[in-house]
file data13.cif (mmCIF, C-alpha atoms)
data_work
loop_
_atom_site.group_PDB
_atom_site.id
_atom_site.type_symbol
_atom_site.label_atom_id
_atom_site.label_comp_id
_atom_site.auth_asym_id
_atom_site.auth_seq_id
_atom_site.Cartn_x
_atom_site.Cartn_y
_atom_site.Cartn_z
ATOM 1 C CA MET A 1 8.339 20.389 8.298
ATOM 2 C CA ASN A 2 6.480 20.618 5.013
ATOM 3 C CA ASP A 3 8.187 22.354 2.115
ATOM 4 C CA ILE A 4 5.373 24.895 1.870
ATOM 5 C CA LEU A 5 3.744 26.640 4.820
ATOM 6 C CA LYS A 6 0.432 28.377 4.236
ATOM 7 C CA LEU A 7 -0.984 31.276 6.218
ATOM 8 C CA THR A 8 -4.315 29.448 6.403
ATOM 9 C CA ASP A 9 -2.665 26.804 8.609
ATOM 10 C CA PHE A 10 -2.022 29.434 11.290
ATOM 11 C CA LEU A 11 -4.936 31.858 10.933
ATOM 12 C CA ILE A 12 -7.907 31.594 13.314
ATOM 13 C CA PRO A 13 -10.959 33.629 12.246
ATOM 14 C CA CYS A 14 -13.223 34.771 15.078
ATOM 15 C CA VAL A 15 -17.015 34.665 14.785
ATOM 16 C CA ASP A 16 -19.072 36.460 17.448
ATOM 17 C CA ILE A 17 -22.297 34.559 18.126
ATOM 18 C CA GLU A 18 -25.517 35.177 20.028
ATOM 19 C CA ASN A 19 -28.636 32.989 19.954
ATOM 20 C CA GLY A 20 -27.000 30.756 17.365
ATOM 21 C CA ARG A 21 -26.454 33.612 14.895
ATOM 22 C CA ALA A 22 -23.576 35.939 14.101
ATOM 23 C CA THR A 23 -23.921 39.200 16.005
ATOM 24 C CA THR A 24 -23.273 41.171 12.807
ATOM 25 C CA PRO A 25 -23.682 40.048 9.176
ATOM 26 C CA ALA A 26 -20.545 38.879 7.400
ATOM 27 C CA ARG A 27 -19.695 40.802 4.242
ATOM 28 C CA ILE A 28 -17.858 37.903 2.659
ATOM 29 C CA PRO A 29 -18.956 37.629 -0.981
ATOM 30 C CA GLY A 30 -21.161 34.693 -1.965
ATOM 31 C CA LEU A 31 -22.937 34.047 1.341
ATOM 32 C CA ASN A 32 -26.641 33.255 1.104
ATOM 33 C CA ASP A 33 -27.181 33.981 4.806
ATOM 34 C CA PRO A 34 -24.502 36.308 6.233
ATOM 35 C CA TRP A 35 -25.843 35.732 9.776
ATOM 36 C CA ASP A 36 -25.339 31.954 9.703
ATOM 37 C CA PRO A 37 -22.129 30.918 11.534
ATOM 38 C CA THR A 38 -22.038 27.603 9.672
ATOM 39 C CA GLU A 39 -22.106 29.325 6.289
ATOM 40 C CA ILE A 40 -19.489 31.842 7.402
ATOM 41 C CA VAL A 41 -17.159 29.073 8.515
ATOM 42 C CA ARG A 42 -17.811 27.202 5.266
ATOM 43 C CA ALA A 43 -16.338 30.195 3.418
ATOM 44 C CA TYR A 44 -13.263 30.031 5.635
ATOM 45 C CA ALA A 45 -12.960 26.262 5.265
ATOM 46 C CA ASP A 46 -13.104 26.603 1.490
ATOM 47 C CA ILE A 47 -9.809 28.522 1.497
ATOM 48 C CA GLY A 48 -8.102 26.012 3.784
ATOM 49 C CA ILE A 49 -8.722 27.431 7.267
ATOM 50 C CA ARG A 50 -8.256 24.694 9.895
ATOM 51 C CA ARG A 51 -9.368 26.478 13.092
ATOM 52 C CA VAL A 52 -12.022 29.027 14.105
ATOM 53 C CA PHE A 53 -12.868 30.752 17.366
ATOM 54 C CA PHE A 54 -16.524 31.044 18.376
ATOM 55 C CA ASP A 55 -17.007 33.862 20.888
ATOM 56 C CA VAL A 56 -20.490 33.000 22.160
ATOM 57 C CA SER A 57 -22.175 35.529 24.445
ATOM 58 C CA ASP A 58 -25.022 33.132 25.357
ATOM 59 C CA ASP A 59 -25.120 31.440 28.733
ATOM 60 C CA TRP A 60 -24.301 27.750 29.105
ATOM 61 C CA SER A 61 -28.032 27.062 29.408
ATOM 62 C CA ASP A 62 -28.213 27.868 25.673
ATOM 63 C CA ILE A 63 -25.497 25.395 24.723
ATOM 64 C CA ASP A 64 -27.836 23.638 22.283
ATOM 65 C CA SER A 65 -27.692 26.691 20.013
ATOM 66 C CA ILE A 66 -23.988 26.170 19.274
ATOM 67 C CA VAL A 67 -23.661 22.369 19.354
ATOM 68 C CA PRO A 68 -24.922 21.738 15.779
ATOM 69 C CA THR A 69 -22.414 24.215 14.370
ATOM 70 C CA VAL A 70 -19.525 22.701 16.326
ATOM 71 C CA ARG A 71 -20.546 19.236 15.169
ATOM 72 C CA THR A 72 -20.651 20.354 11.525
ATOM 73 C CA LEU A 73 -17.164 21.833 11.733
ATOM 74 C CA ARG A 74 -15.796 18.492 12.834
ATOM 75 C CA GLU A 75 -17.166 16.978 9.622
ATOM 76 C CA TRP A 76 -15.152 19.574 7.665
ATOM 77 C CA ASN A 77 -11.953 18.888 9.665
ATOM 78 C CA VAL A 78 -12.095 22.405 11.120
ATOM 79 C CA GLU A 79 -11.324 22.767 14.822
ATOM 80 C CA ALA A 80 -13.605 24.960 16.925
ATOM 81 C CA LEU A 81 -12.253 26.926 19.871
ATOM 82 C CA VAL A 82 -15.305 27.919 21.903
ATOM 83 C CA SER A 83 -15.895 30.620 24.491
ATOM 84 C CA MET A 84 -19.278 30.479 26.217
ATOM 85 C CA ALA A 85 -20.761 33.231 28.388
ATOM 86 C CA ASN A 86 -17.779 35.522 27.816
ATOM 87 C CA GLY A 87 -15.237 32.959 28.985
ATOM 88 C CA ARG A 88 -17.052 31.624 32.012
ATOM 89 C CA LEU A 89 -17.652 27.988 32.934
ATOM 90 C CA ARG A 90 -20.669 26.420 34.625
ATOM 91 C CA SER A 91 -19.725 22.769 35.049
ATOM 92 C CA PRO A 92 -17.038 20.325 33.892
ATOM 93 C CA SER A 93 -19.729 18.088 32.385
ATOM 94 C CA GLU A 94 -21.044 20.823 30.089
ATOM 95 C CA ALA A 95 -17.543 21.661 28.907
ATOM 96 C CA ALA A 96 -16.918 17.954 28.346
ATOM 97 C CA ARG A 97 -20.067 17.774 26.246
ATOM 98 C CA LEU A 98 -18.792 20.500 23.920
ATOM 99 C CA VAL A 99 -15.474 18.695 23.560
ATOM 100 C CA ALA A 100 -17.311 15.433 22.844
ATOM 101 C CA GLU A 101 -19.300 17.221 20.139
ATOM 102 C CA GLY A 102 -16.071 18.315 18.474
ATOM 103 C CA ALA A 103 -14.804 21.464 20.204
ATOM 104 C CA ARG A 104 -11.008 21.547 20.174
ATOM 105 C CA ALA A 105 -10.755 23.815 23.211
ATOM 106 C CA ILE A 106 -12.951 25.552 25.759
ATOM 107 C CA SER A 107 -11.972 29.137 26.507
ATOM 108 C CA VAL A 108 -11.735 30.617 30.004
ATOM 109 C CA SER A 109 -10.912 34.152 31.073
ATOM 110 C CA THR A 110 -12.826 35.740 33.945
ATOM 111 C CA GLY A 111 -13.396 32.299 35.463
ATOM 112 C CA VAL A 112 -9.699 31.796 36.232
ATOM 113 C CA VAL A 113 -10.058 34.528 38.841
ATOM 114 C CA GLU A 114 -13.651 34.168 40.025
ATOM 115 C CA SER A 115 -14.026 30.371 40.011
ATOM 116 C CA VAL A 116 -10.544 28.874 39.893
ATOM 117 C CA ASP A 117 -11.576 25.505 41.369
ATOM 118 C CA LEU A 118 -14.079 25.073 38.559
ATOM 119 C CA VAL A 119 -11.357 25.767 35.989
ATOM 120 C CA VAL A 120 -9.087 23.139 37.560
ATOM 121 C CA ASP A 121 -11.899 20.576 37.683
ATOM 122 C CA THR A 122 -12.829 21.293 34.071
ATOM 123 C CA ALA A 123 -9.228 20.902 32.905
ATOM 124 C CA LYS A 124 -9.147 17.512 34.600
ATOM 125 C CA ALA A 125 -12.465 16.510 33.015
ATOM 126 C CA VAL A 126 -11.731 17.498 29.417
ATOM 127 C CA GLY A 127 -7.936 17.217 29.384
ATOM 128 C CA GLU A 128 -5.511 20.119 29.589
ATOM 129 C CA ASN A 129 -5.028 20.175 25.810
ATOM 130 C CA HIS A 130 -8.707 21.077 25.459
ATOM 131 C CA MET A 131 -8.447 24.258 27.524
ATOM 132 C CA MET A 132 -7.608 27.753 26.252
ATOM 133 C CA GLY A 133 -6.876 30.666 28.569
ATOM 134 C CA VAL A 134 -7.413 34.274 27.537
ATOM 135 C CA ILE A 135 -5.219 37.135 28.683
ATOM 136 C CA ASN A 136 -6.729 40.554 28.033
ATOM 137 C CA SER A 137 -3.786 42.922 28.284
ATOM 138 C CA ARG A 138 -3.615 46.672 28.791
ATOM 139 C CA THR A 139 -0.353 48.592 28.764
ATOM 140 C CA GLU A 140 0.115 50.740 31.871
ATOM 141 C CA ILE A 141 2.970 52.878 33.098
ATOM 142 C CA THR A 142 4.343 49.957 35.089
ATOM 143 C CA GLY A 143 4.019 47.446 32.239
ATOM 144 C CA LYS A 144 1.497 45.117 30.652
ATOM 145 C CA LYS A 145 -1.286 44.121 33.036
ATOM 146 C CA ALA A 146 -3.915 41.371 32.824
ATOM 147 C CA TYR A 147 -7.600 42.280 32.877
ATOM 148 C CA ILE A 148 -10.820 40.258 33.131
ATOM 149 C CA HIS A 149 -14.473 40.897 32.224
ATOM 150 C CA GLY A 150 -13.531 41.538 28.608
ATOM 151 C CA GLY A 151 -10.659 43.838 29.500
ATOM 152 C CA ARG A 152 -12.648 46.122 31.808
ATOM 153 C CA VAL A 153 -11.568 44.953 35.274
ATOM 154 C CA ALA A 154 -7.947 44.939 36.419
ATOM 155 C CA THR A 155 -6.492 41.874 38.107
ATOM 156 C CA GLY A 156 -3.439 43.751 39.357
ATOM 157 C CA ARG A 157 -1.218 41.046 37.870
ATOM 158 C CA GLU A 158 1.539 41.351 35.335
ATOM 159 C CA VAL A 159 0.773 39.593 32.053
ATOM 160 C CA SER A 160 3.732 37.236 32.435
ATOM 161 C CA GLU A 161 2.646 36.264 35.950
ATOM 162 C CA PHE A 162 -0.929 35.706 34.807
ATOM 163 C CA GLY A 163 0.270 33.564 31.908
ATOM 164 C CA ARG A 164 2.265 31.295 34.200
ATOM 165 C CA TYR A 165 -0.777 31.076 36.475
ATOM 166 C CA LEU A 166 -2.872 29.798 33.554
ATOM 167 C CA VAL A 167 -0.316 27.104 32.816
ATOM 168 C CA ASP A 168 -0.275 26.078 36.481
ATOM 169 C CA LEU A 169 -4.051 25.584 36.240
ATOM 170 C CA GLY A 170 -3.575 23.047 33.449
ATOM 171 C CA ILE A 171 -4.098 25.292 30.429
ATOM 172 C CA ARG A 172 -1.935 24.558 27.399
ATOM 173 C CA LEU A 173 -3.058 27.211 24.895
ATOM 174 C CA ILE A 174 -3.226 30.963 25.526
ATOM 175 C CA LEU A 175 -4.876 33.743 23.553
ATOM 176 C CA ALA A 176 -2.987 36.969 24.217
ATOM 177 C CA ASN A 177 -5.309 39.847 23.372
ATOM 178 C CA SER A 178 -4.247 43.485 23.316
ATOM 179 C CA VAL A 179 -7.266 45.462 24.502
ATOM 180 C CA ASP A 180 -5.453 48.659 23.517
ATOM 181 C CA ARG A 181 -5.341 47.553 19.872
ATOM 182 C CA GLU A 182 -8.751 45.917 19.493
ATOM 183 C CA GLY A 183 -10.539 47.244 16.419
ATOM 184 C CA THR A 184 -7.718 49.613 15.447
ATOM 185 C CA GLY A 185 -6.371 47.666 12.464
ATOM 186 C CA LEU A 186 -2.862 48.787 13.460
ATOM 187 C CA GLY A 187 -1.414 45.313 13.902
ATOM 188 C CA TYR A 188 -0.718 43.089 16.890
ATOM 189 C CA ASP A 189 1.228 43.987 20.001
ATOM 190 C CA HIS A 190 4.272 41.842 19.234
ATOM 191 C CA ALA A 191 5.887 42.571 22.593
ATOM 192 C CA LEU A 192 2.814 41.072 24.282
ATOM 193 C CA THR A 193 2.804 37.811 22.357
ATOM 194 C CA ARG A 194 6.576 37.391 22.669
ATOM 195 C CA LEU A 195 6.341 37.960 26.411
ATOM 196 C CA VAL A 196 3.579 35.405 26.906
ATOM 197 C CA ALA A 197 5.227 32.838 24.636
ATOM 198 C CA GLU A 198 8.606 33.145 26.360
ATOM 199 C CA ARG A 199 7.265 33.076 29.927
ATOM 200 C CA THR A 200 4.733 30.252 29.501
ATOM 201 C CA GLY A 201 6.294 27.885 26.971
ATOM 202 C CA VAL A 202 2.883 27.027 25.472
ATOM 203 C CA PRO A 203 1.362 27.925 22.080
ATOM 204 C CA VAL A 204 0.115 31.526 21.948
ATOM 205 C CA ILE A 205 -2.545 33.083 19.723
ATOM 206 C CA ALA A 206 -1.959 36.739 18.838
ATOM 207 C CA SER A 207 -5.133 38.822 19.077
ATOM 208 C CA GLY A 208 -6.135 42.456 18.841
ATOM 209 C CA GLY A 209 -5.338 44.842 15.997
ATOM 210 C CA ALA A 210 -5.084 42.741 12.824
ATOM 211 C CA GLY A 211 -5.956 44.777 9.760
ATOM 212 C CA SER A 212 -3.968 43.296 6.875
ATOM 213 C CA VAL A 213 -2.350 40.109 5.627
ATOM 214 C CA SER A 214 1.022 41.641 6.475
ATOM 215 C CA HIS A 215 -0.097 42.009 10.090
ATOM 216 C CA LEU A 216 -0.957 38.318 10.233
ATOM 217 C CA CYS A 217 2.448 37.270 8.914
ATOM 218 C CA ARG A 218 4.303 39.633 11.218
ATOM 219 C CA GLY A 219 2.375 38.282 14.193
ATOM 220 C CA LEU A 220 3.909 34.879 13.499
ATOM 221 C CA SER A 221 7.414 36.075 12.733
ATOM 222 C CA GLU A 222 7.976 39.175 14.875
ATOM 223 C CA GLY A 223 5.496 38.311 17.615
ATOM 224 C CA ASN A 224 6.615 34.698 17.981
ATOM 225 C CA ALA A 225 2.944 33.661 18.023
ATOM 226 C CA THR A 226 1.953 30.121 17.122
ATOM 227 C CA TYR A 227 -1.363 31.292 15.652
ATOM 228 C CA VAL A 228 -2.946 34.625 14.727
ATOM 229 C CA LEU A 229 -6.579 35.560 15.289
ATOM 230 C CA ALA A 230 -8.537 37.967 13.121
ATOM 231 C CA ASN A 231 -12.099 39.173 13.377
ATOM 232 C CA ARG A 232 -13.278 42.381 11.734
ATOM 233 C CA MET A 233 -10.814 42.402 8.836
ATOM 234 C CA LEU A 234 -12.229 39.055 7.664
ATOM 235 C CA HIS A 235 -15.847 39.289 8.816
ATOM 236 C CA ASP A 236 -16.392 42.739 7.308
ATOM 237 C CA GLY A 237 -14.796 41.719 4.016
ATOM 238 C CA HIS A 238 -11.967 44.265 4.215
ATOM 239 C CA VAL A 239 -9.431 41.626 3.144
ATOM 240 C CA PRO A 240 -10.473 39.264 0.314
ATOM 241 C CA LEU A 241 -10.211 35.635 1.391
ATOM 242 C CA GLY A 242 -8.425 34.841 -1.858
ATOM 243 C CA GLU A 243 -5.557 37.074 -0.794
ATOM 244 C CA ILE A 244 -5.135 34.973 2.328
ATOM 245 C CA GLN A 245 -5.544 31.663 0.535
ATOM 246 C CA GLY A 246 -2.562 32.274 -1.702
ATOM 247 C CA ARG A 247 -0.200 33.607 0.957
ATOM 248 C CA LEU A 248 2.815 31.432 1.727
ATOM 249 C CA LEU A 249 5.084 31.811 4.731
ATOM 250 C CA ALA A 250 8.844 31.764 5.018
ATOM 251 C CA ARG A 251 10.335 28.382 5.955
ATOM 252 C CA GLU A 252 11.755 29.769 9.200
ATOM 253 C CA GLN A 253 8.242 30.271 10.568
ATOM 254 C CA ARG A 254 7.558 27.098 12.514
ATOM 255 C CA GLU A 255 4.899 24.603 11.619
ATOM 256 C CA THR A 256 2.404 23.383 14.227
ATOM 257 C CA VAL A 257 0.038 20.470 14.464
#
call {"tool": "encode", "arguments": {"input": "data13.cif", "output": "structure tokens"}}
result
Amino acid sequence: MNDILKLTDFLIPCVDIENGRATTPARIPGLNDPWDPTEIVRAYADIGIRRVFFDVSDDWSDIDSIVPTVRTLREWNVEALVSMANGRLRSPSEAARLVAEGARAISVSTGVVESVDLVVDTAKAVGENHMMGVINSRTEITGKKAYIHGGRVATGREVSEFGRYLVDLGIRLILANSVDREGTGLGYDHALTRLVAERTGVPVIASGGAGSVSHLCRGLSEGNATYVLANRMLHDGHVPLGEIQGRLLAREQRETV
């Protein structure tokens, strides 16, 4: 373990993309083109960010719109986690192409229910360490339940059961998103990330609700997350990137590769 752990080593900014452009302009100071995903990521890379998540709404037929950006990130030593078509897959070969171009992981969500054989085949084609599963969680009276289609359609499965199912499919990284907290800025659902981490034994990304630097740090310590994802608080410029750049973590928070 290094003597100094930096928040930037664990933070994963999310950039929503459509037709090769950010869906909303970034309000990060100093950008010449706030709609350009490459320029947005450059601002993150400049403060030491090592990973970003591209949530691409385009279909796989438009893969050429995202490939140049993924390739550029590799040159900056920034890993791209990529979701195409809202977490759906079309073929193992297309997913393999994105990985070959530099994508660290391909994200799947709805596909693990609607096209499970395709998920298994893709995991075999790209390698299980290049797959990321997404759990969209809603808290119900009977506990935390997994949803698909962006958190709109219930699977009827408990979050812990769904997490183990993802691992059985060959997925070795899970994004645990609290639909209840999305966009609230109230902080992560720590019980959710702890549950997924304990029941699956794989690295977990906390998602949904980040609104401050304190929330990010608590996601790692109290939520037992390996990484923390943030979208609006960074993209809208609510939290200055310099505040994140200088934030150090306690030694007891584990370091990851």
call {"tool": "axis_aligned_box", "arguments": {"input": "data13.cif", "around": "range 3-16 of chain A", "padding_each_side": "5 Å", "output": "lines of an AutoDock Vina configuration file"}}
result
center_x = -5.4
center_y = 29.4
center_z = 9.7
size_x = 37.3
size_y = 24.1
size_z = 25.6
call {"tool": "closest_residue", "arguments": {"input": "data13.cif", "among": "A:Leu248, A:Val167, A:Leu229, A:Val119", "to": "Val52 in chain A", "atoms": "only C-alpha atoms"}}
result
A:Leu229
call {"tool": "atom_distance", "arguments": {"input": "data13.cif", "atom1": "CA of Phe53 in chain A", "atom2": "CA of Arg74 in chain A"}}
result
13.4 Å
call {"tool": "closest_residue", "arguments": {"input": "data13.cif", "among": "A:Tyr165, A:Arg172, A:Trp76, A:Ser91", "to": "Val112 in chain A", "atoms": "all atoms listed in the file"}}
result
A:Tyr165
call {"tool": "resolve_selection", "arguments": {"input": "data13.cif", "expression": "the PyMOL selection byres ((chain A and resi 38) around 10)", "output": "ChimeraX atom specification"}}
result
/A:20-22,33-37,39-44,66,68-70,72-73
call {"tool": "resolve_selection", "arguments": {"input": "data13.cif", "expression": "the PyMOL selection byres ((chain A and resi 234) around 9)", "output": "PyMOL selection string"}}
result
chain A and resi 13-14+26-28+211+230-233+235-241
call {"tool": "residues_around", "arguments": {"input": "data13.cif", "residues": "range 148-152 of chain A", "least_positions_apart": "4", "cutoff": "10 Å", "atoms": "all atoms listed in the file", "output": "MDAnalysis selection string"}}
result
chainID A and resid 86:88 109:114 134:138 177:180
call {"tool": "resolve_selection", "arguments": {"input": "data13.cif", "expression": "the PyMOL selection byres ((chain A and resi 215-217) around 8)", "output": "PyMOL selection string"}}
result
chain A and resi 7+11+187-188+210-214+218-221+228+249
call {"tool": "residues_near_point", "arguments": {"input": "data13.cif", "point": "(0.8, 37.2, 20.0)", "cutoff": "7 Å", "atoms": "all atoms listed in the file", "output": "list in words"}}
result
Ala176, Tyr188, Asp189, His190, Leu192, Thr193, Arg194, Val204, Ile205, Ala206, Ser207, Gly219, Gly223, Asn224, Ala225 and Val228 of chain A
call {"tool": "closest_residue", "arguments": {"input": "data13.cif", "among": "A:Arg51, A:Arg157, A:Arg247, A:His130", "to": "Lys144 in chain A", "atoms": "all atoms listed in the file"}}
result
A:Arg157
call {"tool": "closest_residue", "arguments": {"input": "data13.cif", "among": "A:Glu243, A:Glu101, A:Glu140, A:Asp121", "to": "Leu81 in chain A", "atoms": "only C-alpha atoms"}}
result
A:Glu101
call {"tool": "residues_around", "arguments": {"input": "data13.cif", "residues": "range 57-62 of chain A", "least_positions_apart": "2", "cutoff": "12 Å", "atoms": "all atoms listed in the file", "output": "PDB file with C-alpha atoms, keeping the file's coordinate frame"}}
result
ATOM      1  CA  VAL A  15     -17.015  34.665  14.785  1.00  0.00           C
ATOM      2  CA  ASP A  16     -19.072  36.460  17.448  1.00  0.00           C
ATOM      3  CA  ILE A  17     -22.297  34.559  18.126  1.00  0.00           C
ATOM      4  CA  GLU A  18     -25.517  35.177  20.028  1.00  0.00           C
ATOM      5  CA  ASN A  19     -28.636  32.989  19.954  1.00  0.00           C
ATOM      6  CA  GLY A  20     -27.000  30.756  17.365  1.00  0.00           C
ATOM      7  CA  ARG A  21     -26.454  33.612  14.895  1.00  0.00           C
ATOM      8  CA  ALA A  22     -23.576  35.939  14.101  1.00  0.00           C
ATOM      9  CA  THR A  23     -23.921  39.200  16.005  1.00  0.00           C
ATOM     10  CA  PHE A  54     -16.524  31.044  18.376  1.00  0.00           C
ATOM     11  CA  ASP A  55     -17.007  33.862  20.888  1.00  0.00           C
ATOM     12  CA  ASP A  64     -27.836  23.638  22.283  1.00  0.00           C
ATOM     13  CA  SER A  65     -27.692  26.691  20.013  1.00  0.00           C
ATOM     14  CA  ILE A  66     -23.988  26.170  19.274  1.00  0.00           C
ATOM     15  CA  VAL A  67     -23.661  22.369  19.354  1.00  0.00           C
ATOM     16  CA  VAL A  82     -15.305  27.919  21.903  1.00  0.00           C
ATOM     17  CA  SER A  83     -15.895  30.620  24.491  1.00  0.00           C
ATOM     18  CA  MET A  84     -19.278  30.479  26.217  1.00  0.00           C
ATOM     19  CA  ALA A  85     -20.761  33.231  28.388  1.00  0.00           C
ATOM     20  CA  ASN A  86     -17.779  35.522  27.816  1.00  0.00           C
ATOM     21  CA  GLY A  87     -15.237  32.959  28.985  1.00  0.00           C
ATOM     22  CA  ARG A  88     -17.052  31.624  32.012  1.00  0.00           C
ATOM     23  CA  LEU A  89     -17.652  27.988  32.934  1.00  0.00           C
ATOM     24  CA  ARG A  90     -20.669  26.420  34.625  1.00  0.00           C
ATOM     25  CA  SER A  91     -19.725  22.769  35.049  1.00  0.00           C
ATOM     26  CA  PRO A  92     -17.038  20.325  33.892  1.00  0.00           C
ATOM     27  CA  SER A  93     -19.729  18.088  32.385  1.00  0.00           C
ATOM     28  CA  GLU A  94     -21.044  20.823  30.089  1.00  0.00           C
ATOM     29  CA  ALA A  95     -17.543  21.661  28.907  1.00  0.00           C
ATOM     30  CA  ARG A  97     -20.067  17.774  26.246  1.00  0.00           C
ATOM     31  CA  LEU A  98     -18.792  20.500  23.920  1.00  0.00           C
ATOM     32  CA  GLY A 150     -13.531  41.538  28.608  1.00  0.00           C
TER      33      GLY A 150
END
call {"tool": "closest_residue", "arguments": {"input": "data13.cif", "among": "A:Ile244, A:Leu195, A:Ile171, A:Ile12", "to": "Ala123 in chain A", "atoms": "only C-alpha atoms"}}
result
A:Ile171
